[in-house]
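The structure appears below as structure tokens.
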Amino acid sequence: MKLIYTHENSFLVSNIKNIVENKGLSVFLKNEFAAGGSGDLAPLETWVELWIANDSDYDQAMSIIENFQKSGDKADWLCQSCGEENSGSFEFCWNCQNTCPE
Ligand SMILES: [Zn+2]
């Protein structure tokens with residue numbers, strides 16, 4: 001098992017998880033329920049982590065993530081409805097599902 005991705009925004013991690021899973025790789029989340037939990041934890045420890053189940057899938061998973069991040073060249077955008085910042089690769093606001101203003 002290897003850690004392949006982590007981010008303070010758990011939605012981003014879930015997004016990556018879906019993409020990697022859609023390629024047929026077996027992944028799982030850690031700390032999924034830690035975020036927003038105990039205030040005793042340092043922020044980094046509450047980040048949701050995406051792990052790959054089979055080490056032999058690691059290289060493929062990393063290239064999938066890399067390709068996804070390259071394809072997300074679009075600039076981050078601010079939701080005009082709720083003001084949340086969204087990755088350029090998102091067509092909808094992660095928070096309120098408002099569409100990208102473009
Ligand atoms: Zn929004």
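Letters for chains follow the order of the structure tokens (A, B, ...), residue numbers begin at 1 for each chain, and ligand numbers begin at 1 in the order shown.
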- Tell me which protein, DNA and RNA residues are within 6 Å of Glu49 in chain A, counting only C-alpha atoms, leaving out same-chain ones fewer than 5 positions away, and put them as a VMD selection string. chain A and resid 6 29 to 30
Could the residues in this selection be saved with N, CA and C atoms as a tab-separated table (two decimals), in the first residue's frame?
chain	number	residue	atom	x	y	z
A	6	THR	N	-2.77	13.39	-1.33
A	6	THR	CA	-3.45	13.93	-0.16
A	6	THR	C	-3.62	15.42	-0.35
A	29	LEU	N	-9.45	5.38	0.95
A	29	LEU	CA	-9.18	6.62	1.66
A	29	LEU	C	-8.80	6.35	3.10
A	30	LYS	N	-7.89	7.20	3.62
A	30	LYS	CA	-7.60	7.21	5.05
A	30	LYS	C	-7.93	8.59	5.59
Cut-off 7 Å: closest chain A/ligand 1 atom pairs per residue, using only C-alpha atoms and all ligand atoms, as a tab-separated table:
residue	atom	partner	partner_atom_place_in_ligand_line	distance
A:Cys79	CA	ligand 1	1 (Zn)	4.6
A:Gln80	CA	ligand 1	1 (Zn)	6.6
A:Ser81	CA	ligand 1	1 (Zn)	5.0
A:Cys82	CA	ligand 1	1 (Zn)	4.1
A:Gly83	CA	ligand 1	1 (Zn)	5.9
A:Glu84	CA	ligand 1	1 (Zn)	5.5
A:Cys93	CA	ligand 1	1 (Zn)	4.7
A:Trp94	CA	ligand 1	1 (Zn)	6.6
A:Asn95	CA	ligand 1	1 (Zn)	4.9
A:Cys96	CA	ligand 1	1 (Zn)	4.1
A:Gln97	CA	ligand 1	1 (Zn)	6.0
A:Asn98	CA	ligand 1	1 (Zn)	5.3
query: Got a sec: who's within 12 Å of Asn18 in chain A, counting only C-alpha atoms, leaving out chain neighbours fewer than 6 positions off, as JSON, numbers by chain?
result: {"A": [11, 12, 24, 25, 26, 27, 28, 29, 50, 61, 64, 65, 68]}
Just the selected residues (all heavy atoms), exported as a compact mmCIF listing (two decimals), in the first residue's frame, please.
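This went into part_14.txt:
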# COMPACT_ATOMS: atom_id res chain seq x y z
N PHE A 11 -12.65 17.09 -0.90
CA PHE A 11 -13.37 16.92 -2.15
C PHE A 11 -12.40 16.65 -3.29
O PHE A 11 -12.67 15.83 -4.17
CB PHE A 11 -14.21 18.16 -2.46
CG PHE A 11 -15.07 18.00 -3.68
CD1 PHE A 11 -16.33 17.40 -3.60
CD2 PHE A 11 -14.62 18.43 -4.91
CE1 PHE A 11 -17.10 17.24 -4.73
CE2 PHE A 11 -15.39 18.27 -6.05
CZ PHE A 11 -16.64 17.68 -5.96
N LEU A 12 -11.26 17.33 -3.28
CA LEU A 12 -10.25 17.10 -4.31
C LEU A 12 -9.75 15.67 -4.25
O LEU A 12 -9.54 15.02 -5.28
CB LEU A 12 -9.07 18.06 -4.11
CG LEU A 12 -9.25 19.51 -4.57
CD1 LEU A 12 -8.01 20.31 -4.23
CD2 LEU A 12 -9.55 19.57 -6.04
N GLY A 24 -9.81 1.45 -13.13
CA GLY A 24 -9.79 0.06 -12.71
C GLY A 24 -8.81 -0.26 -11.60
O GLY A 24 -8.57 -1.43 -11.30
N LEU A 25 -8.21 0.77 -10.99
CA LEU A 25 -7.25 0.54 -9.92
C LEU A 25 -7.97 0.53 -8.57
O LEU A 25 -8.98 1.21 -8.38
CB LEU A 25 -6.17 1.61 -9.92
CG LEU A 25 -5.37 1.74 -11.23
CD1 LEU A 25 -4.24 2.74 -11.07
CD2 LEU A 25 -4.84 0.41 -11.69
N SER A 26 -7.43 -0.22 -7.65
CA SER A 26 -8.03 -0.36 -6.33
C SER A 26 -7.39 0.63 -5.36
O SER A 26 -6.19 0.55 -5.08
CB SER A 26 -7.83 -1.80 -5.83
OG SER A 26 -8.43 -1.95 -4.58
N VAL A 27 -8.19 1.56 -4.88
CA VAL A 27 -7.69 2.58 -3.96
C VAL A 27 -8.63 2.70 -2.76
O VAL A 27 -9.76 2.22 -2.79
CB VAL A 27 -7.59 3.96 -4.65
CG1 VAL A 27 -6.50 3.97 -5.71
CG2 VAL A 27 -8.93 4.37 -5.26
N PHE A 28 -8.13 3.33 -1.71
CA PHE A 28 -8.98 3.56 -0.55
C PHE A 28 -8.55 4.83 0.16
O PHE A 28 -7.42 5.31 -0.04
CB PHE A 28 -8.97 2.36 0.41
CG PHE A 28 -7.62 2.04 0.95
CD1 PHE A 28 -7.20 2.56 2.17
CD2 PHE A 28 -6.76 1.21 0.24
CE1 PHE A 28 -5.94 2.27 2.66
CE2 PHE A 28 -5.49 0.91 0.74
CZ PHE A 28 -5.09 1.44 1.96
N LEU A 29 -9.45 5.38 0.95
CA LEU A 29 -9.18 6.62 1.66
C LEU A 29 -8.80 6.35 3.10
O LEU A 29 -9.28 5.41 3.72
CB LEU A 29 -10.43 7.51 1.65
CG LEU A 29 -10.91 8.02 0.29
CD1 LEU A 29 -12.23 8.74 0.44
CD2 LEU A 29 -9.88 8.94 -0.34
N LEU A 50 -5.30 9.43 0.01
CA LEU A 50 -5.68 8.42 -0.96
C LEU A 50 -4.54 7.43 -1.12
O LEU A 50 -3.42 7.82 -1.44
CB LEU A 50 -6.02 9.08 -2.30
CG LEU A 50 -6.51 8.13 -3.40
CD1 LEU A 50 -7.81 7.45 -3.00
CD2 LEU A 50 -6.69 8.89 -4.70
N ALA A 61 -1.04 4.76 -11.27
CA ALA A 61 -1.88 5.72 -10.55
C ALA A 61 -1.26 7.11 -10.59
O ALA A 61 -1.95 8.11 -10.81
CB ALA A 61 -2.07 5.26 -9.10
N ILE A 64 -1.75 8.69 -13.92
CA ILE A 64 -3.15 9.12 -14.09
C ILE A 64 -3.36 10.47 -13.40
O ILE A 64 -3.96 11.39 -13.96
CB ILE A 64 -4.11 8.06 -13.51
CG1 ILE A 64 -4.08 6.79 -14.35
CG2 ILE A 64 -5.53 8.62 -13.41
CD1 ILE A 64 -4.77 5.59 -13.69
N ILE A 65 -2.85 10.58 -12.19
CA ILE A 65 -3.01 11.83 -11.44
C ILE A 65 -2.27 12.97 -12.13
O ILE A 65 -2.78 14.08 -12.26
CB ILE A 65 -2.50 11.64 -9.99
CG1 ILE A 65 -3.39 10.65 -9.25
CG2 ILE A 65 -2.46 12.98 -9.26
CD1 ILE A 65 -2.86 10.23 -7.89
N PHE A 68 -4.17 14.07 -15.10
CA PHE A 68 -5.35 14.82 -14.69
C PHE A 68 -4.96 16.25 -14.31
O PHE A 68 -5.63 17.21 -14.69
CB PHE A 68 -6.03 14.14 -13.49
CG PHE A 68 -7.03 15.01 -12.81
CD1 PHE A 68 -8.26 15.26 -13.40
CD2 PHE A 68 -6.76 15.60 -11.58
CE1 PHE A 68 -9.20 16.07 -12.78
CE2 PHE A 68 -7.69 16.40 -10.95
CZ PHE A 68 -8.91 16.64 -11.55
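Separating CA of His7 in chain A from CA of Asn31 in chain A is a distance of 11.1 Å.
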Going by DSSP on the backbone, which bits of chain A are strand (DSSP E)? Write them as a ChimeraX atom specification, please.
-> /A:2-7,27-30,48-52,77-78,85-86
Save out the residues we just selected, N, CA and C atoms, as an mmCIF file, in the first residue's frame.
data_model
loop_
_atom_site.group_PDB
_atom_site.id
_atom_site.type_symbol
_atom_site.label_atom_id
_atom_site.label_comp_id
_atom_site.auth_asym_id
_atom_site.auth_seq_id
_atom_site.Cartn_x
_atom_site.Cartn_y
_atom_site.Cartn_z
ATOM 1 N N LYS A 2 0.508 2.185 -0.845
ATOM 2 C CA LYS A 2 1.291 3.418 -0.910
ATOM 3 C C LYS A 2 0.347 4.619 -0.976
ATOM 4 N N LEU A 3 0.797 5.695 -0.354
ATOM 5 C CA LEU A 3 0.055 6.950 -0.430
ATOM 6 C C LEU A 3 0.275 7.567 -1.810
ATOM 7 N N ILE A 4 -0.814 7.893 -2.502
ATOM 8 C CA ILE A 4 -0.645 8.473 -3.833
ATOM 9 C C ILE A 4 -1.102 9.925 -3.899
ATOM 10 N N TYR A 5 -1.940 10.345 -2.956
ATOM 11 C CA TYR A 5 -2.412 11.727 -3.044
ATOM 12 C C TYR A 5 -3.009 12.143 -1.706
ATOM 13 N N THR A 6 -2.770 13.386 -1.333
ATOM 14 C CA THR A 6 -3.448 13.927 -0.164
ATOM 15 C C THR A 6 -3.618 15.421 -0.354
ATOM 16 N N HIS A 7 -4.661 15.966 0.228
ATOM 17 C CA HIS A 7 -4.928 17.398 0.104
ATOM 18 C C HIS A 7 -5.822 17.806 1.258
ATOM 19 N N VAL A 27 -8.194 1.563 -4.884
ATOM 20 C CA VAL A 27 -7.694 2.585 -3.963
ATOM 21 C C VAL A 27 -8.628 2.697 -2.759
ATOM 22 N N PHE A 28 -8.131 3.329 -1.707
ATOM 23 C CA PHE A 28 -8.983 3.564 -0.550
ATOM 24 C C PHE A 28 -8.549 4.832 0.157
ATOM 25 N N LEU A 29 -9.454 5.377 0.949
ATOM 26 C CA LEU A 29 -9.185 6.621 1.659
ATOM 27 C C LEU A 29 -8.797 6.347 3.101
ATOM 28 N N LYS A 30 -7.891 7.200 3.616
ATOM 29 C CA LYS A 30 -7.596 7.208 5.046
ATOM 30 C C LYS A 30 -7.930 8.590 5.588
ATOM 31 N N VAL A 48 -7.351 14.155 4.266
ATOM 32 C CA VAL A 48 -7.748 12.863 3.723
ATOM 33 C C VAL A 48 -6.646 12.358 2.804
ATOM 34 N N GLU A 49 -6.323 11.084 2.951
ATOM 35 C CA GLU A 49 -5.254 10.492 2.143
ATOM 36 C C GLU A 49 -5.825 9.441 1.213
ATOM 37 N N LEU A 50 -5.299 9.433 0.008
ATOM 38 C CA LEU A 50 -5.683 8.417 -0.961
ATOM 39 C C LEU A 50 -4.538 7.431 -1.119
ATOM 40 N N TRP A 51 -4.828 6.166 -0.873
ATOM 41 C CA TRP A 51 -3.816 5.110 -0.921
ATOM 42 C C TRP A 51 -4.167 4.125 -2.023
ATOM 43 N N ILE A 52 -3.102 3.577 -2.626
ATOM 44 C CA ILE A 52 -3.292 2.533 -3.623
ATOM 45 C C ILE A 52 -3.102 1.184 -2.936
ATOM 46 N N TRP A 77 -11.160 29.117 -10.172
ATOM 47 C CA TRP A 77 -12.210 30.120 -10.291
ATOM 48 C C TRP A 77 -12.994 30.237 -9.001
ATOM 49 N N LEU A 78 -13.521 31.432 -8.793
ATOM 50 C CA LEU A 78 -14.315 31.685 -7.597
ATOM 51 C C LEU A 78 -15.789 31.544 -7.947
ATOM 52 N N GLU A 85 -13.518 28.880 -3.646
ATOM 53 C CA GLU A 85 -12.552 28.726 -4.719
ATOM 54 C C GLU A 85 -12.628 27.305 -5.262
ATOM 55 N N ASN A 86 -12.603 27.205 -6.584
ATOM 56 C CA ASN A 86 -12.690 25.899 -7.229
ATOM 57 C C ASN A 86 -11.506 25.674 -8.147
#
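The closest residue to Met62 in chain A, picked from A:Ala75, A:Val20, A:Met1, A:Cys100 and counting only C-alpha atoms, is A:Val20.
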